[in-house]
Every structure is written in C-alpha cells, then in structure tokens.
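Undergrad: Okay, here's the structure, questions in a sec.
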Amino acid sequence: MAIHDTFMKVGARTGNGVHGPAADGRAVLDLEDDVVSIAEALVNVESVSHHEKPLADAVECALRRHDHLTVSRFGNTVVARTSAGRGRRVVVAGHLDTVPLNANLPARNDGELLHGLGSCDMKGGVAVALRIAGSCADALSDLTFIFYECEEVESTANGLAKLAEVRPELLRADLAILMEPSNGQVEAGCQGALDFDIKLTGRRAHSARSWQGINAVETAAPVLAKLNSFRARTPVVDGLTYHEGLNAVAIHGGIARNVIPDECHISVNFRFAPDRSEHDAIDFVHNYFEGHDIVIVDSAPAAPPGLTGTARSFVEAVGKPAQPKLGWTDVARFAQLGVPALNFGPGDPLLAHTRDEHVPIAQLRMCENTMREWLTT
C-alpha cells in the first residue's frame with residue numbers, strides 16, 4: 001500500500017487517535033486520545049526509513065495545537081519544548097521510522113496486544129511520548145520531545161545525529177529517556193559496536209595446478225578458529241553486567257570453480273562493553289588479530305549506565321532494577337554530550353524487526369502512567 005493511500009485511510013477513521021482527515025487529506029493526530037488509539041494510528045501510517053514525511057507532518061501538526069509547546073522542524077525530525085523555568089530539563093526521544101514492510105500492516109488490536117509494523121520498535125514508545133507531550137504543562141521539569149527520522153539505517157542519515165551536529169543545545173538536559181522497547185523497565189547504557197573486515201591474500205592459480213597458488217579462502221581457517229575460541233568478557237559497570245561479543249557475520253571469496261582464489265574477506269562485528277572506548281575496542285581487535293590486515297568499516301561508541309542523580313530517581317519511580325542494554329541505541333549520542341541517558345519503553349526488544357511485531361496494551365498504559373507520575377510528583 002502506498003504511503004499516501006495509507007495516510008488517507010488512517011485519516012478517514014475516528015476513535016483511533018485520529019479525528020478525520022485534514023482538508024488536504026492528511027491524517028490528524030489527537031494527543032488527547034487514549035495512548036493505545038494513538039499507537040494504532042501511528043502504526044497505520046507507513047514510515048519506512050527515508051519516507052517519514054507523512055508521519056512527521058502529522059506529529060508536527062498535533063504538537064503545534066498545544067500552546068505550552070514550542071515546536072520546530074529539522075527535515076523529518078520534530079522537536080517540541082517547554083520553557084517554564086523549571087530546575088531541570090528532561091529529553092524524551094523516539095524515532096519515527098520503521099524497517100521495511102513485512103506483510104504486517106494495517107495494525108491489529110486483539111484487546112491485549114497491538115500488532116503491526118513498528119508497534120514495538122518504536123511507535124508504541126512514540127505514542128507514550130506524544131501522549132505525555134500533549135498534557136505536560138504541569139510537569140515539574142522542563143521537557144524536550146524529539147521525534148526523529150532514519151534511526152534504522154546508516155548513521156549518516158540519523159535525525160538525532162544531524163540534530164546533535166547543527167543544534168546540540170536541543171539535546172542538552174539532566175536526563176534523556178529513549179523510548180526504545182525494553183519491556184517497560186529501564187535498560188541503562190548500551191554496548192558499543194565496531195564493524196571491520198579482515199582481508200586475507202593468496203596467489204591465484206588454475207585449480208588443476210593448485211600447488212602453484214595460495215588459496216586465500218583456506219587461509220581463513222585460523223581466523224575463524226580464533227573467532228570461535230573467543231571468550232567473551234562480562235565486565236560489571238556501575239553494578240550492571242555487560243556481555244561482549246565478537247562474531248563473523250559474512251565471508252566472501254572465490255572467483256570461479258576452476259580458479260584458486262587470491263582474496264578472501266571476513267566481516268566481523270564486535271560488541272563491546274561501556275568500560276571500553278572506541279579507541280580501546282579498535283586496539284583490542286588489532287591485537288587479537290595481530291598480523292592480519294584489518295579495515296575498520298564502522299564504529300559507534302558505548303554508553304555508560306550513568307545511574308546517578310535524576311537517572312536514579314527515574315529508575316526508582318519505575319520500581320524495577322535497571323538492566324544493561326545489550327545492543328546499541330542512541331543513548332550513546334547523549335553520552336557523548338555528557339547527558340545521562342536511559343532506554344525505557346513498551347514492547348519486547350526481541351520482537352523488533354520481526355513479522356509478528358507487537359506491543360502489550362498493558363505496557364503502553366503502564367509506561368505512560370509511570371512517566372506521567374514521575375514528571376508531575
């Protein structure tokens with residue numbers, strides 16, 4: 001279904017977070033509706049990465065109808081802020097984009113679960129943030145809401161990263177809460193991620209005279225053995241145990257069935273704990289694969305848990321012990337700016353990007369109630 005068609009059909013419905021289409025056919029979100037209705041409406045607007053404009057338009061229009069918010073737009077990233085002179089500021093952020101469609105639209109509400117593309121990652125969390133944004137005039141903190149584009153694709157397109165470059169002051173706060181799916185509990189910090197290739201070289205020859213060449217694919221065996229024998233560190237950082245991982249994710253080599261290959265490339269992903277910097281992680285892989293040609297492809301820093309001050313008070317409000325985030329999220333961007341950041345949102349992260357993606361309705365309501373109570377008491 002085309003994005004425009006989806007937008008028209010969602011806009012035509014009522015009682016699901018949308019109050020009819022605007023005069024130009026666009027959907028109109030109503031932030032005074034129930035959080036479940038808002039989540040369902042969000043899911044029903046396709047917003048695959050790089051195609052978030054219809055949803056960003058609807059979010060911007062909904063936010064601009066609330067006088068306590070100052071709203072600005074950067075591409076398909078929408079920022080809304082309060083400025084009531086409170087003693088602290090909290091950022092609440094969530095991405096608008098999803099992975100590609102996988103026969104999982106339109107949304108389906110069975111009374112207990114809301115199914116559909118992006119319901120877990122992370123339109124359920126965005127619905128919670130929008131519901132809070134529309135009714136946060138009495139919050140005890142000043143608030144910044146950031147609804148951003150292109151989280152699911154290359155980091156150069158990430159709306160939060162772009163915002164950090166051009167308007168870093170909009171990300172500064174005493175605490176940032178990323179509405180990533182975390183089963184309604186706090187997941188603190190995140191792992192760093194390092195992608196690199198190991199290039200193995202040989203000498204090309206005819207396969208009928210293989211002894212005249214050096215088979216680059218076969219020289220991969222010692223590297224694969226080293227990867228297989230890797231023993232993961234499980235360091236404790238601020239009381240949370242992180243688990244590192246070093247894994248081959250692809251291997252490429254070979255020219256033809258009658259040719260001894262002279263090149264082989266092994267792609268490796270290293271997930272490292274927050275007690276390592278990116279520089280430390282790069283040094284580690286160079287030392288671990290000493291003597292091999294390593295090419296760094298991409299790198300993203302880890303983020304420490306930062307469970308002090310405002311962050312600790314939020315964990316206490318949630319009422320469950322914080323868990324380590326075993327994965328990378330945009331909390332790392334806030335950490336680079338010196339802003340403590342946590343992951344907190346409805347939905348099981350193991351369901352993200354799956355065909356049966358869904359979010360429990362009870363978690364949507366619980367996350368909204370938890371955040372509202374913490375922000376107003």
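Labels used: A, B, ... for chains in the order of the structure tokens, numbers from 1 for residues in each chain, and numbers from 1 for ligands as shown.
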For Val318 in chain A, find every residue with an atom within 8 Å (counting only C-alpha atoms), except residues of its own chain fewer than 5 positions away, and show them as a ChimeraX atom specification.

TA: /A:185-186,370

Undergrad: Where does DSSP see alpha helix (DSSP H) in range 130-274 of chain A, if you list the residues as a ChimeraX atom specification?

TA: /A:130-133,159-166,220-228

Undergrad: Select from range 24-215 of chain A everything DSSP, run on the backbone, classes as strand (DSSP E or B), then give the selection as number ranges by chain.

TA: A: 29, 48, 70-74, 77-81, 89-95, 98, 108-109, 113-115, 142-148, 175-178, 187-188, 190, 192-201, 203, 205-206, 214

Undergrad: Excluding Val249 in chain A and any residue of its chain fewer than 2 positions from it, enumerate the residues within 8 Å of it, using only C-alpha atoms, and give them as a list in words.

TA: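 Result of the neighbour search: Asn247, Ile251, Ile266, Ser267, Val268 and Asn269 of chain A.
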
Undergrad: Output the selection as a compact mmCIF listing (two decimals), in the first residue's frame - all heavy atoms for each residue.

TA:
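Written output follows (out.txt):
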# COMPACT_ATOMS: atom_id res chain seq x y z
N ASN A 247 31.99 -11.69 16.50
CA ASN A 247 31.40 -12.69 15.62
C ASN A 247 31.65 -12.39 14.15
O ASN A 247 31.53 -11.23 13.70
CB ASN A 247 29.88 -12.75 15.83
CG ASN A 247 29.51 -13.19 17.23
OD1 ASN A 247 29.55 -14.37 17.54
ND2 ASN A 247 29.16 -12.23 18.08
N ILE A 251 31.39 -13.86 4.97
CA ILE A 251 32.68 -14.22 4.40
C ILE A 251 32.53 -14.23 2.88
O ILE A 251 31.53 -14.74 2.35
CB ILE A 251 33.19 -15.57 4.94
CG1 ILE A 251 34.60 -15.86 4.43
CG2 ILE A 251 32.23 -16.70 4.61
CD1 ILE A 251 35.28 -17.01 5.18
N ILE A 266 36.66 -11.49 5.51
CA ILE A 266 35.77 -11.90 6.61
C ILE A 266 35.26 -10.63 7.29
O ILE A 266 36.06 -9.79 7.72
CB ILE A 266 36.51 -12.78 7.63
CG1 ILE A 266 37.10 -14.01 6.96
CG2 ILE A 266 35.56 -13.19 8.76
CD1 ILE A 266 37.95 -14.85 7.88
N SER A 267 33.94 -10.48 7.34
CA SER A 267 33.33 -9.34 8.02
C SER A 267 33.03 -9.72 9.46
O SER A 267 32.42 -10.76 9.72
CB SER A 267 32.05 -8.91 7.31
OG SER A 267 32.34 -8.49 5.99
N VAL A 268 33.46 -8.87 10.38
CA VAL A 268 33.35 -9.18 11.81
C VAL A 268 32.64 -8.04 12.53
O VAL A 268 32.85 -6.86 12.21
CB VAL A 268 34.75 -9.41 12.43
CG1 VAL A 268 34.62 -9.80 13.90
CG2 VAL A 268 35.52 -10.47 11.66
N ASN A 269 31.80 -8.41 13.49
CA ASN A 269 31.11 -7.44 14.34
C ASN A 269 31.56 -7.64 15.78
O ASN A 269 31.52 -8.75 16.30
CB ASN A 269 29.60 -7.61 14.23
CG ASN A 269 28.84 -6.66 15.14
OD1 ASN A 269 28.38 -7.05 16.21
ND2 ASN A 269 28.69 -5.43 14.72

Undergrad: I'd like the neighbourhood of Ala273 in chain A as number ranges by chain, where a residue qualifies if any of its atoms comes within 12 Å (using only C-alpha atoms), though same-chain residues fewer than 4 positions away should be ignored.

TA: A: 188-194, 232-238, 240-246, 277-278, 280-281, 300-305, 324-328

Undergrad: Using only C-alpha atoms for the distances, tell me which of A:Arg131, A:Arg231, A:Arg372, A:Lys123 is nearest to Met179 in chain A.

TA: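 Among the listed residues, A:Lys123 lies closest to Met179 in chain A.
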
Undergrad: Taking 5 positions as the minimum chain separation for residues in the same chain, which residues sit within 8 Å of Glu368 in chain A when counting only C-alpha atoms? Answer as a list in words.

TA: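 Residues meeting the cut-off are Val35, Val128, Ala129, Arg131 and Ile132 of chain A.
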